[in-house]
Structure formats: structure tokens, C-alpha cells
>>> print(open('data12.cif').read())   # mmCIF, C-alpha atoms
data_run
#
loop_
_atom_site.label_atom_id
_atom_site.label_comp_id
_atom_site.auth_asym_id
_atom_site.auth_seq_id
_atom_site.Cartn_x
_atom_site.Cartn_y
_atom_site.Cartn_z
CA VAL A 176 -89.63 -177.36 16.88
CA PHE A 177 -88.81 -180.89 15.78
CA LEU A 178 -85.10 -181.45 15.15
CA LYS A 179 -82.93 -184.56 15.18
CA SER A 180 -79.48 -185.73 14.22
CA LYS A 181 -79.33 -188.21 11.36
CA GLU A 182 -76.21 -189.86 12.75
CA GLY A 183 -77.50 -190.16 16.30
CA SER A 184 -74.91 -187.80 17.79
CA TYR A 185 -75.80 -184.29 18.90
CA HIS A 186 -75.78 -180.83 17.38
CA TYR A 187 -76.17 -177.28 18.55
CA VAL A 188 -78.60 -174.68 17.27
CA ALA A 189 -78.96 -170.96 18.00
CA VAL A 190 -82.50 -169.63 18.39
CA GLU A 191 -83.90 -166.16 17.79
CA LEU A 192 -87.43 -165.44 18.96
CA ASN A 193 -88.92 -162.18 17.67
CA GLU A 194 -85.42 -161.13 16.53
CA GLU A 195 -84.01 -161.59 20.05
CA TYR A 196 -81.22 -164.11 20.63
CA LYS A 197 -82.45 -166.76 23.07
CA GLY A 198 -79.29 -168.81 23.25
CA ARG A 199 -77.56 -171.91 22.07
CA PHE A 200 -79.29 -175.25 22.53
CA ARG A 201 -77.93 -178.77 22.35
CA VAL A 202 -80.15 -181.02 20.23
CA THR A 203 -80.17 -184.33 22.08
CA LYS A 204 -83.73 -185.38 21.37
CA ASP A 205 -86.18 -184.46 18.68
CA THR A 206 -88.08 -181.55 20.23
CA LEU A 207 -87.23 -178.04 21.43
CA LYS A 208 -90.01 -176.13 23.16
CA PHE A 209 -90.29 -172.36 23.42
CA ALA A 210 -92.97 -170.28 25.07
CA LEU A 211 -94.18 -167.64 22.66
CA PRO A 212 -94.31 -164.24 24.39
CA ARG A 213 -96.84 -162.58 22.09
CA LYS A 214 -100.31 -164.04 22.61
CA ASP A 215 -102.34 -161.65 20.43
CA SER A 216 -99.90 -161.02 17.56
CA ALA A 217 -97.47 -162.99 15.42
CA ASN A 218 -94.20 -164.37 16.76
CA THR A 219 -91.20 -165.17 14.57
CA ILE A 220 -88.62 -167.86 15.25
CA ALA A 221 -85.30 -168.40 13.51
CA ILE A 222 -83.11 -171.48 14.01
CA TYR A 223 -79.45 -171.62 12.99
CA LYS A 224 -77.24 -174.73 12.91
CA GLU A 225 -74.20 -173.96 15.05
CA THR A 226 -71.91 -176.82 14.08
CA GLU A 227 -70.10 -177.47 10.81
CA ALA A 228 -71.36 -179.60 7.95
CA ALA A 229 -68.68 -182.17 8.87
CA ASN A 230 -70.59 -182.80 12.11
CA GLY A 231 -73.37 -184.41 10.13
CA ILE A 232 -76.92 -183.71 9.18
CA LEU A 233 -79.38 -181.89 11.41
CA ILE A 234 -82.91 -182.72 10.27
CA PHE A 235 -85.75 -180.23 10.63
CA SER A 236 -88.95 -182.31 10.81
CA GLY A 237 -91.43 -179.51 11.41
CA ILE A 238 -92.90 -177.08 13.87
CA ARG A 239 -96.07 -177.18 15.92
CA ALA A 240 -98.06 -174.08 16.74
CA LYS A 241 -101.71 -173.11 16.97
CA LYS A 242 -101.40 -171.03 13.80
CA ILE A 243 -98.55 -170.68 11.31
CA GLU A 244 -98.46 -167.87 8.78
CA LYS A 245 -96.19 -167.63 5.78
CA ILE A 246 -93.67 -164.82 5.99
CA SER A 247 -93.49 -162.58 2.96
CA GLU A 248 -89.92 -162.60 1.75
CA LYS A 249 -88.45 -159.50 0.22
CA PRO A 250 -85.36 -159.63 -1.98
CA GLN A 251 -82.50 -158.81 0.33
CA VAL A 252 -78.78 -158.21 0.10
CA ARG A 253 -76.82 -161.35 1.02
CA ILE A 254 -73.17 -161.69 2.00
CA GLU A 255 -71.36 -165.00 1.67
CA PHE A 256 -68.45 -165.62 4.04
CA ILE A 257 -65.95 -168.28 2.93
CA GLY A 258 -63.22 -169.42 5.26
CA GLU A 259 -61.81 -171.63 7.96
CA SER A 260 -62.31 -172.13 11.69
CA MET A 261 -62.77 -168.44 12.55
CA THR A 262 -65.47 -168.18 9.88
CA CYS A 263 -67.14 -171.32 11.32
CA GLY A 264 -67.20 -169.88 14.83
CA MET A 265 -64.71 -172.36 16.31
CA GLY A 266 -64.22 -171.50 19.98
CA ALA A 267 -66.76 -168.66 19.85
CA ASP A 268 -68.88 -169.96 22.74
CA THR A 269 -67.17 -171.30 25.86
CA THR A 270 -69.98 -170.38 28.26
CA GLU A 271 -70.96 -174.01 28.97
CA ILE A 272 -67.96 -176.12 27.99
CA ASN A 273 -64.34 -174.95 28.21
CA CYS A 274 -62.03 -175.37 25.22
CA ASP A 275 -60.09 -178.18 26.91
CA GLU A 276 -63.25 -180.21 27.60
CA GLY A 277 -65.89 -182.09 25.60
CA GLU A 278 -65.90 -182.74 21.87
CA TRP A 279 -63.93 -180.60 19.41
CA PHE A 280 -67.13 -178.88 18.22
CA ASP A 281 -68.69 -178.15 21.63
CA GLN A 282 -67.47 -174.56 21.52
CA HIS A 283 -68.63 -173.90 17.94
CA SER A 284 -71.06 -171.04 17.47
CA ALA A 285 -71.65 -170.16 13.84
CA TYR A 286 -74.21 -167.60 15.04
CA MET A 287 -71.51 -165.76 17.03
CA ALA A 288 -68.83 -166.02 14.32
CA TYR A 289 -67.61 -162.74 12.86
CA GLY A 290 -69.49 -163.05 9.53
CA PRO A 291 -73.00 -163.49 10.93
CA ARG A 292 -72.35 -160.76 13.50
CA VAL A 293 -71.30 -158.32 10.77
CA ALA A 294 -74.32 -159.27 8.63
CA ARG A 295 -76.75 -158.76 11.54
CA GLU A 296 -75.24 -155.33 12.26
CA LEU A 297 -75.69 -154.38 8.59
CA GLY A 298 -79.21 -155.83 8.51
CA VAL A 299 -78.47 -158.18 5.61
CA ASP A 300 -78.87 -161.90 5.05
CA TYR A 301 -75.79 -164.13 5.12
CA GLU A 302 -74.41 -167.54 4.30
CA ILE A 303 -71.23 -169.09 5.67
CA ASN A 304 -69.23 -171.75 3.86
CA CYS A 305 -66.29 -172.90 5.92
CA VAL A 306 -64.33 -175.85 7.28
CA SER A 307 -62.21 -175.71 10.42
CA GLY A 308 -58.58 -176.46 9.78
CA MET A 309 -58.70 -175.79 6.04
CA GLY A 310 -56.35 -173.10 4.88
CA ILE A 311 -55.34 -171.51 1.60
CA TYR A 312 -51.64 -172.05 2.21
CA ARG A 313 -51.79 -175.13 4.46
CA ASN A 314 -54.19 -177.15 6.62
CA TRP A 315 -53.92 -177.50 10.39
CA ASN A 316 -52.37 -180.99 10.16
CA ASP A 317 -50.21 -180.69 6.99
#
>>> encode(input="data12.cif", output="C-alpha cells")
Amino acid sequence: VFLKSKEGSYHYVAVELNEEYKGRFRVTKDTLKFALPRKDSANTIAIYKETEAANGILIFSGIRAKKIEKISEKPQVRIEFIGESMTCGMGADTTEINCDEGEWFDQHSAYMAYGPRVARELGVDYEINCVSGMGIYRNWND
């Protein structure tokens, strides 16, 4: 999987392989490699950007595999979650970097935020639109 950051910083992505969560990966160079477990049948891979839009652009440049098949998409129910830092997954993953260390977004996990978790339990598609620190009544620094 060929990914890179447009701004030259780093991003995080969550990866599902055959609908199984494989973890959170830091994109520091332009390639992530995954061994495909199924040799005689199709594998599916899903990649989710973990950090907010304010962190910059994560560019998907392609994927390399021996054979790639198009997935037939069926119309599906979709839930949109709109919100602030909890919706973005701020602080949702402290397994590698504690909250008092690293960059402010190092603990972000949009994949583990409440909205995507609810959507996966319901078996529906989802979209999250959120900004950490933005509130309806006030912002974190106002």
C-alpha cells in the first residue's frame, strides 16, 4: 500500500485485513506491507486515516498485488457523526504514546472513536466530520 504525507510530517492509519483489525500504523515512508493470509481466495483490505483533516493530507498512491479485483458495492445505510474531539477519537489510543508525550495527535484513533465503533456493531457504513476543540457553545481556547 503506497501512502505518503503531502506536508512531509507523519500520519496514522488503521488497517483491516479480511474484516479483522490489524492495528494502527504510523506512515513515515511511502509503503506499508502486509502479508495476505489467504493464498487461494480473495483478501480484502481497508485503510482508515486516523488523524484529523487539520493534520494535513494523506495521499494514497496505489496498491500492489498479484491480482486486484473490483469489489461490488451494494447500497448501504450510512451514518454521519458530526462533533468535536471525542468524535475524532482524541486520546482513544494510548497504547504506544502516553497522553503527556509526543505530538497532540499521537493518541488520535478515528477508527476507535465512538461513532465508527457503533457503526461497525450495527454493520453500517459511516463518515465522521469533526474537529478537536470545536464546540457548539465554546471552543477549547475561547
>>> atom_distance(input="data12.cif", atom1="atom CA of Ser236 of chain A", atom2="atom CA of Ser180 of chain A")
10.6 Å
>>> atom_distance(input="data12.cif", atom1="atom CA of Ile243 of chain A", atom2="atom CA of Gly298 of chain A")
24.5 Å
>>> resolve_selection(input="data12.cif", expression="the PyMOL selection byres ((chain A and resi 246) around 12)", output="MDAnalysis selection string")
chainID A and resid 217:221 243:245 247:249
>>> residues_near_point(input="data12.cif", point="(-72.2, -179.8, 13.3)", cutoff="10 Å", atoms="all atoms listed in the file", output="list in words")
Ser180, Ser184, Tyr185, His186, Tyr187, Val188, Lys224, Glu225, Thr226, Glu227, Ala228, Ala229, Asn230, Gly231, Ile232, Leu233, Phe280, Asp281, His283, Ser284 and Ala285 of chain A
>>> axis_aligned_box(input="data12.cif", around="segment 183-188 of chain A", padding_each_side="5 Å", output="JSON")
{"center_x": -76.8, "center_y": -182.4, "center_z": 17.6, "size_x": 13.7, "size_y": 25.5, "size_z": 12.6}
>>> closest_residue(input="data12.cif", among="A:Phe209, A:Trp279, A:Tyr289, A:Tyr301", to="Ala267 of chain A", atoms="all atoms listed in the file")
A:Tyr289
>>> resolve_selection(input="data12.cif", expression="the PyMOL selection byres ((chain A and resi 198) around 12)", output="list in words")
Tyr187, Val188, Ala189, Val190, Glu191, Leu192, Glu194, Glu195, Tyr196, Lys197, Arg199, Phe200, Arg201, Phe209, Ala221, Ile222, Tyr223, Glu225, Asp268, Thr270, Glu271, Ser284, Tyr286 and Met287 of chain A
>>> residues_around(input="data12.cif", residues="Arg253 of chain A", least_positions_apart="2", cutoff="8 Å", atoms="all atoms listed in the file", output="number ranges by chain")
A: 251, 255, 299-302
>>> closest_residue(input="data12.cif", among="A:Val252, A:Cys305, A:Ile257, A:Lys242", to="Ser216 of chain A", atoms="all atoms listed in the file")
A:Lys242
>>> atom_distance(input="data12.cif", atom1="atom CA of Ala288 of chain A", atom2="atom CA of Gly264 of chain A")
4.2 Å
>>> closest_residue(input="data12.cif", among="A:Gly308, A:Ile303, A:Glu276, A:Gly290", to="Ser260 of chain A", atoms="only C-alpha atoms")
A:Gly308
>>> closest_residue(input="data12.cif", among="A:Ile272, A:Ala294, A:Ile238, A:Met309", to="Lys208 of chain A", atoms="all atoms listed in the file")
A:Ile238
>>> resolve_selection(input="data12.cif", expression="the PyMOL selection byres ((chain A and resi 178) around 8)", output="list in words")
Val176, Phe177, Lys179, Ser180, Val202, Lys204, Asp205, Thr206, Leu207, Leu233, Ile234, Phe235, Ser236 and Gly237 of chain A
>>> closest_residue(input="data12.cif", among="A:Arg292, A:Arg239, A:Arg213, A:Lys181", to="Phe256 of chain A", atoms="all atoms listed in the file")
A:Arg292
>>> closest_residue(input="data12.cif", among="A:Ile254, A:Glu182, A:Thr203, A:Asn193", to="Arg295 of chain A", atoms="all atoms listed in the file")
A:Ile254
>>> decode(input="data12.cif", residues="segment 217-252 of chain A", atoms="N, CA and C atoms", output="short mmCIF file (atom, residue, chain, number, x, y, z; two decimals), in the first residue's frame")
data_model
loop_
_atom_site.label_atom_id
_atom_site.label_comp_id
_atom_site.auth_asym_id
_atom_site.auth_seq_id
_atom_site.Cartn_x
_atom_site.Cartn_y
_atom_site.Cartn_z
N ALA A 217 -9.77 -14.61 -2.33
CA ALA A 217 -9.60 -13.15 -2.27
C ALA A 217 -9.38 -12.67 -0.83
N ASN A 218 -8.56 -11.66 -0.70
CA ASN A 218 -8.35 -10.93 0.55
C ASN A 218 -8.94 -9.54 0.37
N THR A 219 -9.41 -8.95 1.46
CA THR A 219 -9.86 -7.56 1.40
C THR A 219 -9.04 -6.74 2.39
N ILE A 220 -8.75 -5.52 2.02
CA ILE A 220 -8.01 -4.62 2.91
C ILE A 220 -8.75 -3.29 2.96
N ALA A 221 -8.85 -2.74 4.14
CA ALA A 221 -9.47 -1.43 4.34
C ALA A 221 -8.48 -0.57 5.12
N ILE A 222 -8.32 0.68 4.69
CA ILE A 222 -7.38 1.60 5.32
C ILE A 222 -8.15 2.85 5.74
N TYR A 223 -7.99 3.26 6.99
CA TYR A 223 -8.69 4.40 7.55
C TYR A 223 -7.69 5.42 8.06
N LYS A 224 -7.83 6.69 7.67
CA LYS A 224 -6.99 7.75 8.21
C LYS A 224 -7.38 7.98 9.66
N GLU A 225 -6.41 7.96 10.55
CA GLU A 225 -6.67 8.08 11.98
C GLU A 225 -6.64 9.51 12.49
N THR A 226 -5.92 10.37 11.82
CA THR A 226 -5.76 11.74 12.30
C THR A 226 -6.76 12.67 11.61
N GLU A 227 -6.91 13.85 12.18
CA GLU A 227 -7.88 14.83 11.68
C GLU A 227 -7.44 15.46 10.37
N ALA A 228 -8.39 16.07 9.70
CA ALA A 228 -8.09 16.79 8.45
C ALA A 228 -7.08 17.91 8.70
N ALA A 229 -7.11 18.51 9.88
CA ALA A 229 -6.17 19.59 10.21
C ALA A 229 -4.72 19.12 10.24
N ASN A 230 -4.50 17.82 10.34
CA ASN A 230 -3.15 17.28 10.32
C ASN A 230 -2.56 17.23 8.93
N GLY A 231 -3.33 17.55 7.93
CA GLY A 231 -2.82 17.57 6.57
C GLY A 231 -3.32 16.42 5.73
N ILE A 232 -2.79 16.37 4.54
CA ILE A 232 -3.27 15.43 3.54
C ILE A 232 -2.45 14.14 3.55
N LEU A 233 -3.15 13.03 3.60
CA LEU A 233 -2.55 11.72 3.45
C LEU A 233 -2.88 11.26 2.03
N ILE A 234 -1.86 10.98 1.25
CA ILE A 234 -2.05 10.65 -0.16
C ILE A 234 -1.95 9.15 -0.36
N PHE A 235 -3.00 8.59 -0.97
CA PHE A 235 -3.00 7.18 -1.36
C PHE A 235 -2.52 7.14 -2.81
N SER A 236 -1.37 6.51 -3.06
CA SER A 236 -0.79 6.47 -4.40
C SER A 236 -1.03 5.15 -5.12
N GLY A 237 -1.58 4.17 -4.43
CA GLY A 237 -1.87 2.91 -5.09
C GLY A 237 -1.62 1.71 -4.20
N ILE A 238 -1.81 0.56 -4.79
CA ILE A 238 -1.62 -0.70 -4.09
C ILE A 238 -1.00 -1.69 -5.07
N ARG A 239 -0.14 -2.54 -4.58
CA ARG A 239 0.48 -3.55 -5.44
C ARG A 239 0.10 -4.94 -4.92
N ALA A 240 -0.41 -5.73 -5.84
CA ALA A 240 -0.76 -7.12 -5.52
C ALA A 240 -0.70 -7.91 -6.82
N LYS A 241 -0.63 -9.22 -6.70
CA LYS A 241 -0.58 -10.04 -7.91
C LYS A 241 -1.85 -9.92 -8.73
N LYS A 242 -2.99 -9.80 -8.05
CA LYS A 242 -4.26 -9.66 -8.75
C LYS A 242 -5.19 -8.80 -7.90
N ILE A 243 -5.83 -7.83 -8.52
CA ILE A 243 -6.76 -6.95 -7.82
C ILE A 243 -8.12 -7.06 -8.50
N GLU A 244 -9.14 -7.37 -7.72
CA GLU A 244 -10.49 -7.46 -8.24
C GLU A 244 -11.32 -6.31 -7.70
N LYS A 245 -12.25 -5.85 -8.50
CA LYS A 245 -13.15 -4.79 -8.07
C LYS A 245 -14.21 -5.38 -7.15
N ILE A 246 -14.47 -4.70 -6.07
CA ILE A 246 -15.48 -5.15 -5.11
C ILE A 246 -16.82 -4.61 -5.57
N SER A 247 -17.82 -5.47 -5.58
CA SER A 247 -19.16 -5.00 -5.93
C SER A 247 -19.75 -4.28 -4.72
N GLU A 248 -20.12 -3.04 -4.94
CA GLU A 248 -20.67 -2.24 -3.85
C GLU A 248 -22.18 -2.28 -3.87
N LYS A 249 -22.74 -2.57 -2.73
CA LYS A 249 -24.18 -2.58 -2.57
C LYS A 249 -24.59 -1.31 -1.85
N PRO A 250 -25.73 -0.73 -2.20
CA PRO A 250 -26.20 0.43 -1.43
C PRO A 250 -26.32 0.04 0.03
N GLN A 251 -25.79 0.88 0.89
CA GLN A 251 -25.76 0.53 2.30
C GLN A 251 -26.17 1.74 3.14
N VAL A 252 -26.73 1.47 4.29
CA VAL A 252 -27.07 2.52 5.23
C VAL A 252 -25.78 3.18 5.69
#
